[in-house]
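Source file: structure.csv. Holds: CSV, C-alpha atoms.
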chain,number,residue,atom,x,y,z
A,1,MET,CA,0.0,0.0,0.0
A,2,LEU,CA,1.4,3.3,-1.1
A,3,ASP,CA,1.3,6.2,1.4
A,4,ASP,CA,0.0,9.7,0.4
A,5,VAL,CA,3.5,11.1,-0.2
A,6,SER,CA,4.5,8.2,-2.4
A,7,ILE,CA,1.3,8.6,-4.5
A,8,VAL,CA,1.9,12.3,-5.1
A,9,LEU,CA,5.6,11.8,-6.0
A,10,ILE,CA,5.0,8.8,-8.2
A,11,GLY,CA,2.0,10.5,-9.8
A,12,TYR,CA,4.3,13.4,-10.7
A,13,PHE,CA,6.8,11.1,-12.3
A,14,TYR,CA,4.1,9.5,-14.6
A,15,LEU,CA,2.7,12.9,-15.4
A,16,ALA,CA,6.2,14.2,-16.4
A,17,PHE,CA,7.0,11.1,-18.3
A,18,THR,CA,3.8,11.1,-20.3
A,19,VAL,CA,4.1,14.8,-21.1
A,20,PHE,CA,7.8,14.3,-22.1
A,21,VAL,CA,7.0,11.5,-24.6
A,22,VAL,CA,3.7,12.8,-26.0
A,23,GLY,CA,4.9,16.4,-26.1
A,24,THR,CA,8.2,15.6,-27.7
A,25,LEU,CA,6.6,13.5,-30.4
A,26,TYR,CA,4.0,16.2,-31.0
A,27,VAL,CA,6.6,19.0,-31.4
A,28,LEU,CA,8.8,16.9,-33.8
A,29,LEU,CA,5.9,15.8,-36.0
A,30,ARG,CA,4.6,19.4,-36.1
A,31,TRP,CA,8.0,20.6,-37.3
A,32,ILE,CA,8.2,17.9,-39.9
A,33,PHE,CA,4.8,18.1,-41.3
A,34,THR,CA,4.2,21.8,-41.3
A,35,SER,CA,4.6,23.2,-44.8
A,36,ARG,CA,7.1,26.0,-45.2
A,37,GLY,CA,8.8,28.0,-47.9
A,38,PRO,CA,7.5,29.3,-51.2
A,39,THR,CA,7.0,25.8,-52.5
A,40,GLY,CA,4.9,24.8,-49.5
A,41,THR,CA,7.0,21.7,-49.0
A,42,TYR,CA,7.3,19.5,-45.9
A,43,LEU,CA,10.6,19.2,-44.2
A,44,GLY,CA,12.5,16.0,-43.6
A,45,PHE,CA,10.3,13.4,-45.4
A,46,PRO,CA,11.1,12.5,-48.1
A,47,ASP,CA,12.2,15.2,-50.5
A,48,LEU,CA,14.2,17.5,-48.3
A,49,ALA,CA,17.3,16.0,-46.7
A,50,THR,CA,20.3,17.8,-48.1
A,51,TYR,CA,22.4,20.7,-46.8
A,52,PRO,CA,22.6,23.6,-49.2
A,53,GLY,CA,25.6,23.2,-51.5
A,54,GLN,CA,26.3,19.6,-50.4
A,55,GLU,CA,26.4,16.8,-52.9
A,56,SER,CA,25.0,13.9,-50.8
A,57,TYR,CA,22.7,12.9,-48.0
A,58,GLY,CA,25.8,11.7,-46.0
A,59,ARG,CA,27.5,15.0,-46.1
A,60,ALA,CA,24.3,16.8,-45.3
A,61,PHE,CA,23.7,14.5,-42.3
A,62,LEU,CA,27.3,15.1,-41.2
A,63,ASN,CA,26.8,18.8,-41.2
A,64,ILE,CA,23.7,18.5,-39.1
A,65,LEU,CA,25.5,16.3,-36.6
A,66,LYS,CA,28.4,18.9,-36.4
A,67,ARG,CA,25.9,21.6,-35.7
A,68,VAL,CA,24.0,19.6,-33.0
A,69,PHE,CA,27.0,18.1,-31.2
A,70,LEU,CA,29.9,20.4,-31.9
A,71,PHE,CA,28.1,23.7,-32.3
A,72,SER,CA,29.9,24.3,-35.6
A,73,SER,CA,27.6,27.3,-36.3
A,74,MET,CA,29.2,29.2,-33.3
A,75,LYS,CA,32.3,30.2,-35.2
A,76,TYR,CA,33.0,33.7,-34.0
A,77,ASP,CA,32.8,33.4,-30.2
A,78,LYS,CA,35.2,30.7,-29.2
A,79,THR,CA,34.7,31.1,-25.4
A,80,MET,CA,30.9,30.9,-25.7
A,81,ARG,CA,31.2,27.9,-27.9
A,82,ALA,CA,33.6,26.1,-25.5
A,83,MET,CA,31.4,26.8,-22.5
A,84,SER,CA,28.2,25.7,-24.4
A,85,LEU,CA,30.0,22.5,-25.4
A,86,LEU,CA,31.0,21.9,-21.8
A,87,PHE,CA,27.6,22.6,-20.4
A,88,HIS,CA,25.7,20.5,-22.9
A,89,TRP,CA,28.1,17.6,-23.0
A,90,SER,CA,28.4,17.5,-19.2
A,91,LEU,CA,24.6,17.3,-19.0
A,92,TRP,CA,24.3,14.6,-21.6
A,93,ILE,CA,27.0,12.5,-20.0
A,94,ILE,CA,25.5,13.0,-16.5
A,95,LEU,CA,22.1,11.9,-17.8
A,96,ALA,CA,23.6,8.8,-19.5
A,97,VAL,CA,25.6,7.9,-16.4
A,98,HIS,CA,22.3,7.8,-14.4
A,99,LEU,CA,21.6,4.5,-16.2
A,100,ASP,CA,24.0,2.9,-13.7
A,101,ILE,CA,21.1,3.0,-11.3
A,102,VAL,CA,19.4,0.3,-13.4
A,103,LEU,CA,22.4,-1.3,-15.2
A,104,GLN,CA,24.8,-1.7,-12.3
A,105,PRO,CA,23.7,-5.3,-11.3
A,106,TYR,CA,24.1,-6.3,-15.0
A,107,VAL,CA,27.5,-4.7,-15.2
A,108,ILE,CA,28.6,-6.5,-12.0
A,109,SER,CA,27.4,-9.8,-13.4
A,110,TRP,CA,29.2,-9.2,-16.7
A,111,GLY,CA,32.4,-8.3,-14.9
A,112,THR,CA,32.4,-11.3,-12.7
A,113,SER,CA,31.8,-13.6,-15.7
A,114,PHE,CA,35.2,-12.5,-17.0
A,115,GLY,CA,36.9,-13.5,-13.7
A,116,PHE,CA,36.9,-10.3,-11.8
A,117,SER,CA,35.8,-10.3,-8.2
A,118,ARG,CA,32.5,-8.7,-7.3
A,119,ASP,CA,34.3,-6.3,-4.9
A,120,PHE,CA,36.7,-5.2,-7.7
A,121,VAL,CA,33.9,-4.5,-10.2
A,122,THR,CA,31.8,-2.7,-7.6
A,123,SER,CA,34.7,-0.5,-6.4
A,124,THR,CA,35.7,0.3,-10.0
A,125,ILE,CA,32.2,1.4,-10.8
A,126,ASP,CA,31.9,3.4,-7.5
A,127,ASN,CA,35.3,5.1,-7.9
A,128,GLY,CA,34.7,5.9,-11.6
A,129,SER,CA,31.3,7.3,-10.8
A,130,PHE,CA,32.6,9.4,-7.9
A,131,TYR,CA,35.5,11.0,-9.6
A,132,GLY,CA,33.9,11.2,-13.0
A,133,GLY,CA,30.8,12.7,-11.4
A,134,ALA,CA,32.9,15.3,-9.6
A,135,ILE,CA,34.6,16.5,-12.7
A,136,LEU,CA,31.3,16.6,-14.7
A,137,ALA,CA,29.5,18.4,-11.9
A,138,VAL,CA,32.2,21.1,-11.7
A,139,LEU,CA,32.2,21.5,-15.5
A,140,LEU,CA,28.4,21.8,-15.6
A,141,LEU,CA,28.2,24.4,-12.8
A,142,VAL,CA,31.1,26.5,-14.1
A,143,SER,CA,29.9,26.5,-17.7
A,144,GLY,CA,26.3,27.1,-16.6
A,145,ALA,CA,27.3,30.1,-14.5
A,146,TYR,CA,29.2,31.5,-17.4
A,147,LEU,CA,26.3,31.1,-19.8
A,148,ILE,CA,24.0,33.0,-17.3
A,149,TYR,CA,26.7,35.7,-16.9
A,150,ARG,CA,27.0,36.2,-20.6
A,151,ARG,CA,23.3,36.6,-21.0
A,152,VAL,CA,23.3,39.3,-18.4
A,153,ALA,CA,26.5,41.0,-19.4
A,154,ASP,CA,26.1,41.0,-23.2
A,155,PRO,CA,23.6,43.7,-24.3
A,156,TYR,CA,22.5,41.7,-27.3
A,157,LEU,CA,22.1,38.4,-25.5
A,158,ARG,CA,20.3,40.2,-22.6
A,159,ARG,CA,17.8,41.7,-25.1
A,160,ILE,CA,16.9,38.5,-26.8
A,161,SER,CA,16.9,36.3,-23.7
A,162,THR,CA,13.6,35.2,-22.1
A,163,ALA,CA,12.7,34.1,-18.7
A,164,GLY,CA,12.6,30.6,-20.1
A,165,ASP,CA,16.3,30.8,-21.0
A,166,TYR,CA,17.3,31.6,-17.4
A,167,PHE,CA,14.9,29.1,-16.0
A,168,ALA,CA,16.3,26.3,-18.1
A,169,ILE,CA,19.9,26.9,-17.2
A,170,SER,CA,19.0,27.4,-13.5
A,171,LEU,CA,16.9,24.2,-13.5
A,172,ILE,CA,19.8,22.1,-14.9
A,173,MET,CA,22.3,23.7,-12.4
A,174,ALA,CA,20.0,23.0,-9.5
A,175,PHE,CA,19.7,19.4,-10.7
A,176,GLY,CA,23.5,19.2,-10.8
A,177,VAL,CA,23.9,20.7,-7.3
A,178,THR,CA,21.5,18.4,-5.6
A,179,GLY,CA,23.0,15.4,-7.5
A,180,GLY,CA,26.5,16.5,-6.4
A,181,VAL,CA,25.5,16.9,-2.8
A,182,GLN,CA,24.0,13.4,-2.8
A,183,ARG,CA,27.1,11.9,-4.4
A,184,PHE,CA,29.7,13.5,-2.3
A,185,PHE,CA,28.1,14.3,1.1
A,186,LEU,CA,25.0,12.1,1.4
A,187,PRO,CA,25.7,8.8,-0.4
A,188,LEU,CA,22.6,6.8,-1.2
A,189,ASP,CA,21.9,3.1,-1.0
A,190,VAL,CA,21.6,2.7,-4.8
A,191,ASP,CA,21.6,-1.1,-4.9
A,192,SER,CA,18.8,-1.8,-2.4
A,193,LYS,CA,16.7,1.3,-2.5
A,194,VAL,CA,17.1,3.7,-5.4
A,195,GLY,CA,17.7,1.1,-8.1
A,196,PRO,CA,14.7,-1.1,-7.3
A,197,PHE,CA,12.4,2.0,-6.9
A,198,VAL,CA,13.4,3.4,-10.3
A,199,VAL,CA,12.9,0.0,-11.9
A,200,SER,CA,9.5,-0.3,-10.3
A,201,LEU,CA,8.5,3.0,-11.9
A,202,PHE,CA,9.1,1.8,-15.4
A,203,SER,CA,7.6,-1.7,-14.7
A,204,THR,CA,4.3,0.1,-13.8
A,205,ALA,CA,4.3,-1.6,-10.4
A,206,PRO,CA,5.7,1.3,-8.3
A,207,GLN,CA,7.1,0.7,-4.9
A,208,ALA,CA,6.8,3.3,-2.1
A,209,PHE,CA,9.0,6.3,-2.4
A,210,PRO,CA,12.3,5.4,-0.7
A,211,ASP,CA,12.8,6.8,2.8
A,212,LEU,CA,16.0,8.7,2.1
A,213,THR,CA,17.3,12.3,2.5
A,214,PRO,CA,15.2,15.4,1.5
A,215,ILE,CA,17.9,16.2,-1.0
A,216,PHE,CA,17.1,13.0,-2.9
A,217,ALA,CA,13.4,13.9,-3.0
A,218,LEU,CA,14.4,17.4,-4.3
A,219,HIS,CA,16.7,15.8,-6.9
A,220,TYR,CA,13.9,13.5,-8.0
A,221,LEU,CA,11.4,16.4,-8.3
A,222,LEU,CA,13.9,18.4,-10.3
A,223,ALA,CA,14.5,15.5,-12.7
A,224,CYS,CA,10.7,15.1,-13.2
A,225,THR,CA,10.3,18.9,-13.7
A,226,LEU,CA,13.2,18.8,-16.3
A,227,ALA,CA,11.4,16.0,-18.2
A,228,LEU,CA,8.1,17.9,-18.0
A,229,TYR,CA,9.6,21.1,-19.2
A,230,ILE,CA,11.6,19.8,-22.2
A,231,PRO,CA,8.7,19.7,-24.8
A,232,PHE,CA,7.9,23.4,-24.0
A,233,SER,CA,11.5,24.6,-24.0
A,234,LYS,CA,14.5,25.1,-26.2
A,235,PHE,CA,15.9,21.8,-25.0
A,236,LEU,CA,14.4,20.3,-28.2
A,237,HIS,CA,16.3,22.8,-30.4
A,238,PRO,CA,19.0,20.2,-31.5
A,239,ALA,CA,16.2,18.2,-33.2
A,240,SER,CA,15.0,21.4,-35.1
A,241,PHE,CA,18.2,21.3,-37.2
A,242,VAL,CA,16.9,18.5,-39.3
A,243,THR,CA,13.7,20.4,-40.0
A,244,ASN,CA,15.1,23.9,-40.4
A,245,PRO,CA,14.5,25.4,-43.9
A,246,THR,CA,17.9,27.0,-44.0
A,247,LEU,CA,19.6,23.6,-43.8
A,248,HIS,CA,17.7,21.9,-46.6
A,249,ALA,CA,17.5,22.1,-50.4
A,250,ILE,CA,15.3,20.2,-52.9
A,251,TRP,CA,17.3,17.9,-55.2
A,252,GLY,CA,15.5,16.5,-58.2
A,253,GLN,CA,16.2,15.9,-61.9
A,254,GLY,CA,19.8,16.9,-61.6
A,255,ARG,CA,19.2,20.4,-60.3
A,256,GLU,CA,19.0,22.2,-57.0
A,257,GLU,CA,16.3,24.5,-55.9
A,258,GLY,CA,16.2,26.6,-52.8
A,259,ALA,CA,13.8,25.5,-50.1
Full structure transcribed into structure tokens:
Amino acid sequence: MLDDVSIVLIGYFYLAFTVFVVGTLYVLLRWIFTSRGPTGTYLGFPDLATYPGQESYGRAFLNILKRVFLFSSMKYDKTMRAMSLLFHWSLWIILAVHLDIVLQPYVISWGTSFGFSRDFVTSTIDNGSFYGGAILAVLLLVSGAYLIYRRVADPYLRRISTAGDYFAISLIMAFGVTGGVQRFFLPLDVDSKVGPFVVSLFSTAPQAFPDLTPIFALHYLLACTLALYIPFSKFLHPASFVTNPTLHAIWGQGREEGA
């Protein structure tokens, strides 16, 4: 039987997860199937998939990946580009590393099957997670603080920035701070409490919310809020590159036409 607090917190997770999945799909499909340009064409499927001036789908796709993951369009402000890369890549890696909550038992089993002791595999995971997490947390917070500073200090960026821009960066930084506090000062029992609880959420047979520190509950709420906010924010902007009219051209009958 779930207590009232567990019902509220678990309900918030399912609300956030549903909005994230449905909202993200809706935004992407709306981008793809909304006609644009003088020709009234649809972006992405199937006629528009080349970068202007490129000769193949492969090169066009490579250009899009460079813009999404290397911020190649930020050519003139090297410091801003470096800090943006640090901020985004730190966040992506931190989110990916959170999979250890679910995958750690399988990694331990895989490691022991190769002859390593359980203690060795566990300590390797814990040490890598601790020191890697420390580095990533510092990079995330430093780069995030710089991005906020630039938005305030630069007149042009300050003029075009919205409340959502500051909220998004602040939300991610708060997520990083609470995660760092847990990892370095209030270590959690991942194996017997956090892991099983997270697995139970995705198995649609949720367990009671674990009786841990208030910081864990705050970190959990921030994670849910982040997922809830993504479809309504600029977090989806990397996906927009594949549906952006400026990145596409129509190729047909041996000639190129502008989109």
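Neighbours of Phe167 (chain A) closer than or equal to 12 Å, with all atoms listed in the file counted and sequence neighbours fewer than 2 positions away skipped, come out as Gly144, Ile148, Ser161, Thr162, Ala163, Gly164, Asp165, Ile169, Ser170, Leu171, Ile172, Met173, Ala174, Thr225, Leu226, Tyr229, Ile230, Ser233, Lys234 and Phe235 of chain A.
With all atoms listed in the file as the atoms that count, the residue of A:Ile7, A:Val198, A:Leu136, A:Leu15 with the shortest distance to Tyr220 (chain A) is A:Val198.
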If we count all atoms listed in the file and set the cut-off at 12 Å, which residues sit around Ser6 (chain A), ignoring sequence neighbours fewer than 3 positions away in its own chain? Please answer as a PyMOL selection string. chain A and resi 1-3+9-13+197+201+206-211+217
Could those selected residues go to a file with C-alpha atoms, as a JSON list (two decimals), in the frame of the given file?
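Wrote it out as again-v3.json, contents follow:
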[["chain", "number", "residue", "atom", "x", "y", "z"],
["A", 1, "MET", "CA", 0.00, 0.00, 0.00],
["A", 2, "LEU", "CA", 1.40, 3.30, -1.10],
["A", 3, "ASP", "CA", 1.30, 6.20, 1.40],
["A", 9, "LEU", "CA", 5.60, 11.80, -6.00],
["A", 10, "ILE", "CA", 5.00, 8.80, -8.20],
["A", 11, "GLY", "CA", 2.00, 10.50, -9.80],
["A", 12, "TYR", "CA", 4.30, 13.40, -10.70],
["A", 13, "PHE", "CA", 6.80, 11.10, -12.30],
["A", 197, "PHE", "CA", 12.40, 2.00, -6.90],
["A", 201, "LEU", "CA", 8.50, 3.00, -11.90],
["A", 206, "PRO", "CA", 5.70, 1.30, -8.30],
["A", 207, "GLN", "CA", 7.10, 0.70, -4.90],
["A", 208, "ALA", "CA", 6.80, 3.30, -2.10],
["A", 209, "PHE", "CA", 9.00, 6.30, -2.40],
["A", 210, "PRO", "CA", 12.30, 5.40, -0.70],
["A", 211, "ASP", "CA", 12.80, 6.80, 2.80],
["A", 217, "ALA", "CA", 13.40, 13.90, -3.00]]
Could you state the separation of CA of Lys75 (chain A) and CA of Val138 (chain A) in Å, given to one decimal place?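 About the pair CA of Lys75 (chain A) and CA of Val138 (chain A): they are 25.2 Å apart.
Nearest to Phe130 (chain A) of all the residues A:Pro105, A:Gly179, A:Pro155, A:Gly111 is A:Gly179, counting all atoms listed in the file.
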Please measure the separation of CA of Tyr131 (chain A) and CA of Arg118 (chain A), giving the value in Å to one decimal.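 Spanning CA of Tyr131 (chain A) to CA of Arg118 (chain A) is a straight-line distance of 20.1 Å.
Within the 10 Å cut-off around Leu99 (chain A), using all atoms listed in the file and omitting residues fewer than 5 positions from it on the same chain, the listed residues are Ile94, Gln104 and Gly195 of chain A.
Across the model, the gap from CA of Leu95 (chain A) to CA of Ala205 (chain A) is 23.5 Å.
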Best match for closeness to Met80 (chain A) among A:Ser143, A:Ser192, A:Ser123, A:Thr24, counting only C-alpha atoms: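 Distance minimum relative to Met80 (chain A) lands on A:Ser143.
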Take region 199-210 of chain A, model N, CA and C atoms, and hand the result over as a PDB file, keeping the file's coordinate frame.
ATOM      1  N   VAL A 199      13.402   1.078 -11.093  1.00  0.00           N
ATOM      2  CA  VAL A 199      12.900   0.000 -11.900  1.00  0.00           C
ATOM      3  C   VAL A 199      11.441  -0.228 -11.766  1.00  0.00           C
ATOM      4  N   SER A 200      10.949  -0.098 -10.543  1.00  0.00           N
ATOM      5  CA  SER A 200       9.500  -0.300 -10.300  1.00  0.00           C
ATOM      6  C   SER A 200       8.663   0.745 -11.017  1.00  0.00           C
ATOM      7  N   LEU A 201       9.202   1.961 -11.171  1.00  0.00           N
ATOM      8  CA  LEU A 201       8.500   3.000 -11.900  1.00  0.00           C
ATOM      9  C   LEU A 201       8.224   2.624 -13.322  1.00  0.00           C
ATOM     10  N   PHE A 202       9.246   2.091 -13.967  1.00  0.00           N
ATOM     11  CA  PHE A 202       9.100   1.800 -15.400  1.00  0.00           C
ATOM     12  C   PHE A 202       8.468   0.395 -15.610  1.00  0.00           C
ATOM     13  N   SER A 203       8.324  -0.374 -14.550  1.00  0.00           N
ATOM     14  CA  SER A 203       7.600  -1.700 -14.700  1.00  0.00           C
ATOM     15  C   SER A 203       6.130  -1.487 -14.382  1.00  0.00           C
ATOM     16  N   THR A 204       5.708  -0.240 -14.152  1.00  0.00           N
ATOM     17  CA  THR A 204       4.300   0.100 -13.800  1.00  0.00           C
ATOM     18  C   THR A 204       3.783  -0.627 -12.607  1.00  0.00           C
ATOM     19  N   ALA A 205       4.703  -0.996 -11.717  1.00  0.00           N
ATOM     20  CA  ALA A 205       4.300  -1.600 -10.400  1.00  0.00           C
ATOM     21  C   ALA A 205       5.113  -0.860  -9.351  1.00  0.00           C
ATOM     22  N   PRO A 206       4.849   0.446  -9.179  1.00  0.00           N
ATOM     23  CA  PRO A 206       5.700   1.300  -8.300  1.00  0.00           C
ATOM     24  C   PRO A 206       5.730   0.860  -6.870  1.00  0.00           C
ATOM     25  N   GLN A 207       6.940   0.911  -6.319  1.00  0.00           N
ATOM     26  CA  GLN A 207       7.100   0.700  -4.900  1.00  0.00           C
ATOM     27  C   GLN A 207       6.934   2.064  -4.168  1.00  0.00           C
ATOM     28  N   ALA A 208       6.867   2.019  -2.862  1.00  0.00           N
ATOM     29  CA  ALA A 208       6.800   3.300  -2.100  1.00  0.00           C
ATOM     30  C   ALA A 208       8.048   4.079  -2.290  1.00  0.00           C
ATOM     31  N   PHE A 209       7.897   5.393  -2.250  1.00  0.00           N
ATOM     32  CA  PHE A 209       9.000   6.300  -2.400  1.00  0.00           C
ATOM     33  C   PHE A 209      10.054   5.974  -1.318  1.00  0.00           C
ATOM     34  N   PRO A 210      11.332   5.784  -1.684  1.00  0.00           N
ATOM     35  CA  PRO A 210      12.300   5.400  -0.700  1.00  0.00           C
ATOM     36  C   PRO A 210      12.499   6.418   0.426  1.00  0.00           C
TER      37      PRO A 210
END
